file coords-v4.cif (mmCIF, C-alpha atoms)
data_start
#
loop_
_atom_site.label_atom_id
_atom_site.label_comp_id
_atom_site.auth_asym_id
_atom_site.auth_seq_id
_atom_site.Cartn_x
_atom_site.Cartn_y
_atom_site.Cartn_z
CA MET C 1 -176.14 -14.35 -251.66
CA ALA C 2 -179.68 -13.02 -252.16
CA THR C 3 -180.76 -10.30 -249.81
CA ALA C 4 -183.93 -10.75 -247.77
CA GLU C 5 -186.94 -8.84 -248.92
CA PRO C 6 -187.99 -6.03 -246.55
CA PRO C 7 -191.07 -6.80 -244.43
CA GLN C 8 -194.29 -5.69 -245.99
CA PRO C 9 -196.44 -3.24 -244.03
CA TRP C 10 -200.02 -3.99 -243.12
CA GLU C 11 -202.65 -3.08 -245.63
CA GLN C 12 -204.94 -0.85 -243.61
CA VAL C 13 -208.22 0.53 -244.85
CA ASP C 14 -207.81 3.98 -246.36
CA LEU C 15 -210.64 5.97 -244.78
CA LEU C 16 -210.11 8.83 -247.24
CA SER C 17 -210.91 6.49 -250.08
CA LEU C 18 -214.16 5.58 -248.33
CA MET C 19 -215.07 9.23 -247.85
CA ALA C 20 -214.29 10.31 -251.40
CA ALA C 21 -217.37 11.11 -253.44
CA PRO C 22 -217.74 9.13 -256.65
CA ALA C 23 -217.21 11.23 -259.72
CA VAL C 24 -220.43 12.00 -261.54
CA GLU C 25 -220.17 12.77 -265.21
CA ALA C 26 -222.49 15.57 -266.29
CA PRO C 27 -224.43 14.85 -269.48
CA GLU C 28 -223.18 16.65 -272.56
CA ALA C 29 -225.00 19.93 -273.08
CA PRO C 30 -227.34 19.67 -276.05
CA GLU C 31 -226.57 21.88 -279.01
CA SER C 32 -228.99 24.53 -280.15
CA ALA C 33 -232.33 23.52 -281.59
CA GLU C 34 -231.18 24.65 -285.07
CA ALA C 35 -228.10 22.39 -284.89
CA ALA C 36 -230.24 19.49 -283.78
CA VAL C 37 -232.58 20.07 -286.73
CA ALA C 38 -229.66 20.29 -289.14
CA GLU C 39 -228.20 17.03 -287.88
CA ALA C 40 -231.54 15.33 -288.04
CA ALA C 41 -232.05 16.60 -291.61
CA SER C 42 -229.05 14.56 -292.82
CA GLU C 43 -231.14 11.41 -292.45
CA PRO C 44 -234.71 10.78 -293.48
CA VAL C 45 -236.75 11.60 -290.41
CA PRO C 46 -240.54 11.86 -290.24
CA THR C 47 -241.82 15.43 -290.10
CA ALA C 48 -243.49 14.89 -286.74
CA GLU C 49 -240.20 13.84 -285.16
CA LEU C 50 -238.38 16.74 -286.81
CA ASN C 51 -240.91 19.19 -285.35
CA ALA C 52 -240.45 17.60 -281.95
CA ILE C 53 -236.69 18.07 -282.15
CA ALA C 54 -236.99 21.68 -283.19
CA ALA C 55 -239.56 22.52 -280.54
CA PRO C 56 -238.23 24.32 -277.46
CA GLN C 57 -237.52 21.90 -274.61
CA PRO C 58 -238.28 22.59 -270.96
CA ALA C 59 -235.26 23.40 -268.84
CA ALA C 60 -233.83 20.34 -267.13
CA GLU C 61 -234.04 20.21 -263.35
CA PRO C 62 -230.69 20.76 -261.68
CA ALA C 63 -229.00 17.54 -260.54
CA PRO C 64 -229.09 16.99 -256.78
CA PRO C 65 -225.80 17.62 -254.98
CA VAL C 66 -223.59 14.56 -254.62
CA GLU C 67 -223.21 13.49 -251.03
CA PRO C 68 -219.87 12.02 -249.90
CA MET C 69 -219.87 8.27 -249.40
CA PRO C 70 -220.68 7.57 -245.73
CA ILE C 71 -218.71 5.21 -243.56
CA ARG C 72 -220.33 1.80 -243.56
CA GLU C 73 -222.98 1.58 -240.86
CA ALA C 74 -223.58 -1.67 -239.03
CA SER C 75 -227.03 -3.19 -239.27
CA PRO C 76 -228.76 -4.07 -235.99
CA ALA C 77 -228.16 -7.52 -234.54
CA ALA C 78 -231.70 -7.64 -233.20
CA PRO C 79 -234.55 -5.17 -232.66
CA GLY C 80 -233.33 -2.64 -230.10
CA GLN C 81 -229.83 -4.16 -230.01
CA PRO C 82 -227.38 -2.38 -232.31
CA LEU C 83 -224.44 -4.33 -233.65
CA PRO C 84 -221.25 -3.79 -231.60
CA GLN C 85 -219.01 -1.07 -233.00
CA ARG C 86 -215.78 -1.80 -231.13
CA LEU C 87 -214.40 -5.31 -230.74
CA LEU C 88 -211.64 -6.29 -228.31
CA ILE C 89 -209.81 -9.19 -229.92
CA LEU C 90 -207.81 -11.00 -227.24
CA ASP C 91 -205.70 -14.10 -226.76
CA THR C 92 -203.88 -15.74 -223.86
CA GLU C 93 -200.90 -18.03 -223.47
CA THR C 94 -200.84 -20.23 -220.37
CA THR C 95 -198.65 -22.73 -218.55
CA GLY C 96 -201.29 -25.46 -218.99
CA LEU C 97 -204.96 -26.18 -219.54
CA ASP C 98 -206.32 -26.09 -215.97
CA PRO C 99 -207.01 -22.64 -214.48
CA GLN C 100 -207.02 -24.20 -210.99
CA ARG C 101 -203.40 -25.35 -211.29
CA ASP C 102 -201.90 -23.38 -214.18
CA ARG C 103 -201.75 -19.67 -214.89
CA CYS C 104 -201.86 -17.16 -217.71
CA ILE C 105 -198.37 -15.92 -218.64
CA GLU C 106 -199.11 -13.77 -221.69
CA LEU C 107 -201.98 -11.51 -222.73
CA GLY C 108 -202.49 -9.81 -226.08
CA ALA C 109 -205.37 -7.63 -227.22
CA VAL C 110 -206.34 -5.50 -230.22
CA LEU C 111 -209.13 -2.91 -230.14
CA PHE C 112 -210.85 -3.04 -233.54
CA ASP C 113 -213.34 -0.61 -235.11
CA LEU C 114 -215.96 -2.69 -236.92
CA PRO C 115 -217.56 -0.09 -239.27
CA ARG C 116 -214.17 1.28 -240.36
CA ARG C 117 -212.39 -2.08 -240.52
CA SER C 118 -209.38 -0.72 -238.67
CA VAL C 119 -207.21 -1.31 -235.60
CA LEU C 120 -207.50 1.43 -232.98
CA SER C 121 -205.03 0.26 -230.35
CA GLN C 122 -203.29 -2.83 -229.01
CA VAL C 123 -201.39 -4.18 -226.01
CA SER C 124 -199.16 -7.17 -225.24
CA LEU C 125 -197.53 -8.18 -221.97
CA LEU C 126 -195.89 -11.10 -220.22
CA LEU C 127 -196.97 -12.03 -216.69
CA PRO C 128 -194.23 -13.27 -214.32
CA CYS C 129 -194.09 -17.02 -213.65
CA ASP C 130 -191.61 -19.49 -212.13
CA GLN C 131 -192.16 -22.36 -214.56
CA ASN C 132 -193.91 -23.04 -217.83
CA ALA C 133 -194.91 -26.63 -218.59
CA ALA C 134 -196.20 -25.47 -221.99
CA GLN C 135 -192.92 -23.87 -223.08
CA ALA C 136 -192.57 -26.37 -225.92
CA VAL C 137 -195.90 -25.11 -227.29
CA ASN C 138 -195.76 -21.33 -226.77
CA GLY C 139 -191.97 -20.89 -226.61
CA ILE C 140 -192.11 -18.61 -223.55
CA ASP C 141 -189.13 -19.04 -221.23
CA PRO C 142 -190.13 -18.48 -217.59
CA GLU C 143 -186.93 -16.50 -217.02
CA LEU C 144 -188.02 -14.10 -219.74
CA THR C 145 -191.26 -13.36 -217.90
CA GLN C 146 -189.27 -12.31 -214.80
CA GLN C 147 -187.32 -9.59 -216.58
CA PRO C 148 -188.16 -6.06 -215.41
CA GLN C 149 -191.03 -4.64 -217.48
CA PRO C 150 -194.16 -2.60 -216.66
CA TRP C 151 -196.69 -5.42 -216.83
CA GLN C 152 -198.88 -3.83 -214.13
CA GLN C 153 -199.28 -0.70 -216.26
CA GLY C 154 -199.90 -2.97 -219.25
CA LEU C 155 -202.81 -4.57 -217.41
CA GLN C 156 -204.23 -1.12 -216.65
CA TRP C 157 -204.09 -0.26 -220.34
CA PHE C 158 -205.79 -3.57 -221.17
CA GLU C 159 -208.61 -2.70 -218.76
CA ALA C 160 -208.98 0.70 -220.44
CA LEU C 161 -209.30 -0.99 -223.84
CA LEU C 162 -211.78 -3.46 -222.37
CA ALA C 163 -213.89 -0.63 -220.96
CA SER C 164 -214.19 1.00 -224.40
CA ALA C 165 -215.15 -2.24 -226.19
CA ASP C 166 -218.69 -3.46 -226.89
CA LEU C 167 -217.76 -7.09 -227.52
CA VAL C 168 -214.88 -9.43 -226.63
CA VAL C 169 -213.67 -11.67 -229.46
CA ALA C 170 -211.42 -14.72 -229.16
CA HIS C 171 -210.59 -17.83 -231.13
CA ASN C 172 -211.73 -20.70 -228.90
CA ALA C 173 -213.25 -18.24 -226.46
CA ALA C 174 -214.30 -21.03 -224.08
CA PHE C 175 -210.63 -21.54 -223.26
CA ASP C 176 -209.58 -17.90 -222.97
CA ARG C 177 -212.50 -16.62 -220.92
CA GLN C 178 -211.89 -19.06 -218.03
CA TRP C 179 -208.64 -17.28 -217.07
CA PHE C 180 -210.26 -13.89 -216.45
CA GLY C 181 -211.27 -13.13 -212.90
CA ILE C 182 -208.22 -15.07 -211.64
CA GLU C 183 -205.45 -12.81 -210.37
CA PRO C 184 -203.91 -10.85 -211.87
CA LEU C 185 -206.39 -10.81 -214.81
CA PRO C 186 -209.58 -8.77 -214.33
CA ALA C 187 -213.04 -10.30 -214.61
CA ILE C 188 -214.91 -9.66 -217.87
CA ASP C 189 -218.66 -9.08 -217.79
CA LYS C 190 -219.10 -8.20 -221.48
CA PRO C 191 -220.48 -10.51 -224.19
CA TRP C 192 -218.07 -12.84 -225.97
CA LEU C 193 -217.90 -14.00 -229.58
CA CYS C 194 -215.90 -17.07 -230.61
CA THR C 195 -214.41 -16.93 -234.12
CA MET C 196 -214.01 -20.71 -234.06
CA GLU C 197 -217.43 -21.82 -232.80
CA ASP C 198 -219.88 -18.93 -233.31
CA ILE C 199 -218.96 -17.55 -236.74
CA ARG C 200 -219.87 -19.57 -239.82
CA TRP C 201 -217.20 -18.54 -242.32
CA PRO C 202 -218.18 -18.37 -246.01
CA ALA C 203 -218.14 -21.70 -247.83
CA ASP C 204 -216.02 -20.30 -250.66
CA ARG C 205 -213.10 -19.98 -248.21
CA ASN C 206 -212.95 -23.80 -248.05
CA LEU C 207 -212.49 -23.88 -244.28
CA ARG C 208 -213.40 -26.72 -241.99
CA SER C 209 -216.21 -26.14 -239.50
CA ASN C 210 -213.82 -25.32 -236.64
CA PRO C 211 -210.81 -23.69 -238.32
CA SER C 212 -207.55 -22.85 -236.59
CA VAL C 213 -206.31 -19.26 -236.51
CA ARG C 214 -203.60 -20.23 -239.00
CA ASP C 215 -206.07 -21.76 -241.46
CA LEU C 216 -208.38 -18.76 -241.11
CA ALA C 217 -205.54 -16.34 -241.81
CA LEU C 218 -204.36 -18.22 -244.90
CA ALA C 219 -207.93 -18.43 -246.23
CA TYR C 220 -208.02 -14.61 -246.26
CA SER C 221 -204.48 -14.23 -247.69
CA VAL C 222 -203.03 -13.02 -244.39
CA PRO C 223 -199.30 -13.88 -244.16
CA VAL C 224 -198.52 -16.27 -241.28
CA TRP C 225 -195.08 -15.62 -239.79
CA ALA C 226 -195.36 -17.10 -236.27
CA ALA C 227 -197.68 -19.07 -234.03
CA HIS C 228 -198.71 -19.48 -230.40
CA ARG C 229 -197.96 -15.98 -229.17
CA ALA C 230 -200.88 -13.94 -227.89
CA LEU C 231 -200.57 -10.69 -229.85
CA THR C 232 -199.62 -12.51 -233.05
CA ASP C 233 -202.89 -14.45 -233.08
CA CYS C 234 -204.83 -11.24 -232.36
CA ILE C 235 -203.17 -9.55 -235.33
CA TYR C 236 -204.13 -12.47 -237.60
CA LEU C 237 -207.79 -12.11 -236.60
CA ALA C 238 -207.71 -8.33 -237.01
CA GLN C 239 -206.31 -8.66 -240.53
CA VAL C 240 -208.92 -11.28 -241.39
CA PHE C 241 -211.60 -8.83 -240.23
CA GLU C 242 -210.06 -6.08 -242.40
CA ARG C 243 -210.48 -8.31 -245.47
CA CYS C 244 -213.96 -9.60 -244.63
CA ASP C 245 -216.63 -7.77 -246.66
CA ASP C 246 -219.58 -9.42 -244.88
CA LEU C 247 -218.19 -9.06 -241.36
CA GLU C 248 -221.31 -7.29 -240.02
CA GLN C 249 -223.52 -10.19 -241.06
CA LEU C 250 -221.11 -12.79 -239.68
CA VAL C 251 -220.94 -11.00 -236.32
CA GLN C 252 -224.71 -10.52 -236.25
CA GLN C 253 -225.35 -14.21 -236.85
CA GLY C 254 -222.57 -15.19 -234.46
CA LEU C 255 -224.34 -13.36 -231.64
CA GLU C 256 -227.57 -15.34 -232.06
CA PRO C 257 -228.57 -17.26 -228.89
CA ARG C 258 -227.20 -20.80 -228.96
CA ARG C 259 -227.91 -24.06 -227.21
CA LEU C 260 -226.46 -27.55 -227.35
CA TYR C 261 -227.88 -29.93 -229.97
CA ARG C 262 -227.30 -33.64 -230.51
CA ALA C 263 -227.24 -35.14 -234.01
CA ARG C 264 -229.65 -38.00 -234.76
CA LEU C 265 -227.64 -40.07 -237.21
CA SER C 266 -226.75 -43.70 -237.59
CA TYR C 267 -223.21 -44.95 -237.16
CA GLU C 268 -222.84 -45.20 -240.92
CA GLU C 269 -223.80 -41.51 -241.27
CA ARG C 270 -221.48 -40.18 -238.57
CA HIS C 271 -219.32 -38.46 -241.20
CA ARG C 272 -222.18 -36.03 -241.84
CA ALA C 273 -222.07 -34.83 -238.24
CA ARG C 274 -218.28 -34.50 -238.34
CA GLU C 275 -218.43 -32.46 -241.56
CA ALA C 276 -220.99 -30.13 -239.93
CA GLY C 277 -218.64 -29.39 -237.03
CA PHE C 278 -220.20 -31.71 -234.44
CA ARG C 279 -217.85 -33.34 -231.93
CA TRP C 280 -218.01 -36.88 -230.68
CA ASN C 281 -218.14 -37.39 -226.92
CA GLU C 282 -217.60 -33.67 -226.26
CA PRO C 283 -219.33 -32.28 -224.31
CA VAL C 284 -222.11 -34.90 -224.54
CA SER C 285 -220.89 -38.40 -223.77
CA GLY C 286 -221.65 -40.95 -226.47
CA ALA C 287 -223.08 -38.46 -228.96
CA TRP C 288 -222.21 -35.99 -231.72
CA SER C 289 -223.04 -32.52 -230.39
CA ARG C 290 -222.57 -28.83 -231.19
CA ARG C 291 -223.89 -25.47 -230.04
CA LEU C 292 -226.23 -23.97 -232.64
CA SER C 293 -228.79 -21.22 -233.01
CA GLU C 294 -232.34 -22.21 -233.95
CA ARG C 295 -231.72 -20.85 -237.44
CA GLU C 296 -228.60 -22.98 -237.90
CA ALA C 297 -230.31 -26.09 -236.56
CA ALA C 298 -233.16 -25.65 -239.06
CA LEU C 299 -230.69 -25.43 -241.96
CA LEU C 300 -228.91 -28.71 -241.20
CA PRO C 301 -229.45 -31.55 -243.71
CA PHE C 302 -230.03 -34.06 -240.89
CA PRO C 303 -232.20 -34.11 -237.75
CA VAL C 304 -230.98 -32.81 -234.39
CA VAL C 305 -232.52 -32.60 -230.94
CA PRO C 306 -231.73 -30.11 -228.16
CA VAL C 307 -229.86 -31.46 -225.17
CA ASP C 308 -231.70 -31.28 -221.85
CA GLY C 309 -231.10 -28.43 -219.42
CA ASP C 310 -228.95 -30.39 -216.96
CA GLN C 311 -226.51 -31.41 -219.68
CA GLN C 312 -226.46 -27.82 -220.98
CA ARG C 313 -225.39 -26.57 -217.56
CA ARG C 314 -222.74 -29.28 -217.14
CA SER C 315 -221.19 -28.44 -220.50
CA ALA C 316 -221.31 -24.65 -220.16
#

call {"tool": "encode", "arguments": {"input": "coords-v4.cif", "output": "structure tokens"}}
result
Amino acid sequence: MATAEPPQPWEQVDLLSLMAAPAVEAPEAPESAEAAVAEAASEPVPTAELNAIAAPQPAAEPAPPVEPMPIREASPAAPGQPLPQRLLILDTETTGLDPQRDRCIELGAVLFDLPRRSVLSQVSLLLPCDQNAAQAVNGIDPELTQQPQPWQQGLQWFEALLASADLVVAHNAAFDRQWFGIEPLPAIDKPWLCTMEDIRWPADRNLRSNPSVRDLALAYSVPVWAAHRALTDCIYLAQVFERCDDLEQLVQQGLEPRRLYRARLSYEERHRAREAGFRWNEPVSGAWSRRLSEREAALLPFPVVPVDGDQQRRSA
């Protein structure tokens, strides 16, 4: 019977390799003027050129010292607003979809350093509950959540990670953010970035407009070993970020102000709105709509119109 292969470790960024100075080859030292003349004499060379070779040459200026390669610096998101350096990637598992009736039963978070493409710290904890109507989805047994474990201290550590972060990141952030500020989870007053709605992933990854975490991980060659557990999904996103060369630009564009737009297309052209990530009947009834920045709206191959302020507030 074949033995199972040992689990492969993460491929983390080697900071030493980033700091290493590239080797610079010094040019070969020229031979003496007499040797140069002798070599040139072996071929027919005009006298003027021969005299130029034999003439004494000015001393070459010393090469400037080679500076070590700096750690990648993030470009500013907007004038006066530097790009966030530390991202708190988080995910929740809940007993249902309604924060008024259901509750969060698992929290996972990873503190990620953007310039260095590396995980700094992480936390995962179960929150006690009596029942879990979503157990078939997330696989969390309510009895498991009631086992003795320091979840209160885990929440304190989460708040410490949150305090050190510049930006909160989640996949489908509109769902996750609604659980914070409801006991026992703390309120979050920092900006959010949604990796499903706000980031436009490169076209060469062949992703749909609103990819799942699983699809996003596979597009960046991140192994998928489980699903629907909070820390697992955070790890997938962190490893995608490690592999993403243009992450600064994606984050910068993802933080652009957005508003709700409605597509102006005929029924026969509705597939164009769907392919561009617009949703039918959500949140605008009877229309294809999506949140876009002004830049993204201008790049669309079909006309769109902004939704009025009242509808914007109802769908927020």

call {"tool": "resolve_selection", "arguments": {"input": "coords-v4.cif", "expression": "the PyMOL selection byres ((chain C and resi 167-176) around 9)", "output": "number ranges by chain"}}
result
C: 84-93, 97, 162, 165-166, 177-180, 188, 190-197, 212-213, 233-234, 237, 316

call {"tool": "resolve_selection", "arguments": {"input": "coords-v4.cif", "expression": "the PyMOL selection byres ((chain C and resi 291) around 7)", "output": "MDAnalysis selection string"}}
result
chainID C and resid 258:261 290 292

call {"tool": "write_last_selection", "arguments": {"input": "coords-v4.cif", "atoms": "C-alpha atoms", "output": "compact mmCIF listing (two decimals), keeping the file's coordinate frame"}}
result
# COMPACT_ATOMS: atom_id res chain seq x y z
CA ARG C 258 -227.20 -20.80 -228.96
CA ARG C 259 -227.91 -24.06 -227.21
CA LEU C 260 -226.46 -27.55 -227.35
CA TYR C 261 -227.88 -29.93 -229.97
CA ARG C 290 -222.57 -28.83 -231.19
CA LEU C 292 -226.23 -23.97 -232.64

call {"tool": "residues_around", "arguments": {"input": "coords-v4.cif", "residues": "Leu161 of chain C", "least_positions_apart": "4", "cutoff": "10 Å", "atoms": "only C-alpha atoms", "output": "PyMOL selection string"}}
result
chain C and resi 86-88+109-111+120-123+155-157+165

call {"tool": "closest_residue", "arguments": {"input": "coords-v4.cif", "among": "C:Val251, C:Arg205, C:Pro301, C:Pro115", "to": "Glu269 of chain C", "atoms": "all atoms listed in the file"}}
result
C:Pro301

call {"tool": "resolve_selection", "arguments": {"input": "coords-v4.cif", "expression": "the PyMOL selection byres ((chain C and resi 201) around 10)", "output": "list of chain:residue names"}}
result
C:Thr195, C:Met196, C:Asp198, C:Ile199, C:Arg200, C:Pro202, C:Ala203, C:Asp204, C:Arg205, C:Asn206, C:Leu207, C:Arg208, C:Ser209, C:Asn210, C:Pro211, C:Leu216, C:Cys244, C:Asp246, C:Leu247, C:Leu250

call {"tool": "residues_around", "arguments": {"input": "coords-v4.cif", "residues": "Thr94 of chain C", "least_positions_apart": "3", "cutoff": "6 Å", "atoms": "only C-alpha atoms", "output": "ChimeraX atom specification"}}
result
/C:103-105

call {"tool": "closest_residue", "arguments": {"input": "coords-v4.cif", "among": "C:Leu107, C:Pro306, C:Val137, C:Val119", "to": "Gln152 of chain C", "atoms": "all atoms listed in the file"}}
result
C:Leu107

call {"tool": "residues_around", "arguments": {"input": "coords-v4.cif", "residues": "Ser221 of chain C", "least_positions_apart": "6", "cutoff": "12 Å", "atoms": "all atoms listed in the file", "output": "compact mmCIF listing (two decimals) with C-alpha atoms, keeping the file's coordinate frame"}}
result
# COMPACT_ATOMS: atom_id res chain seq x y z
CA GLU C 11 -202.65 -3.08 -245.63
CA ARG C 205 -213.10 -19.98 -248.21
CA ARG C 214 -203.60 -20.23 -239.00
CA ASP C 215 -206.07 -21.76 -241.46
CA TYR C 236 -204.13 -12.47 -237.60
CA LEU C 237 -207.79 -12.11 -236.60
CA GLN C 239 -206.31 -8.66 -240.53
CA VAL C 240 -208.92 -11.28 -241.39
CA PHE C 241 -211.60 -8.83 -240.23
CA GLU C 242 -210.06 -6.08 -242.40
CA ARG C 243 -210.48 -8.31 -245.47
CA CYS C 244 -213.96 -9.60 -244.63

call {"tool": "closest_residue", "arguments": {"input": "coords-v4.cif", "among": "C:Ala230, C:Leu218, C:Ala238, C:Ala273", "to": "Ile140 of chain C", "atoms": "only C-alpha atoms"}}
result
C:Ala230

call {"tool": "closest_residue", "arguments": {"input": "coords-v4.cif", "among": "C:Leu255, C:Ala187, C:Ala133, C:Leu127", "to": "Pro148 of chain C", "atoms": "only C-alpha atoms"}}
result
C:Leu127

call {"tool": "atom_distance", "arguments": {"input": "coords-v4.cif", "atom1": "atom CA of Arg229 of chain C", "atom2": "atom CA of Glu106 of chain C"}}
result
7.9 Å

call {"tool": "atom_distance", "arguments": {"input": "coords-v4.cif", "atom1": "atom CA of Gln147 of chain C", "atom2": "atom CA of Leu185 of chain C"}}
result
19.2 Å

call {"tool": "atom_distance", "arguments": {"input": "coords-v4.cif", "atom1": "atom CA of Ala263 of chain C", "atom2": "atom CA of Phe302 of chain C"}}
result
7.5 Å
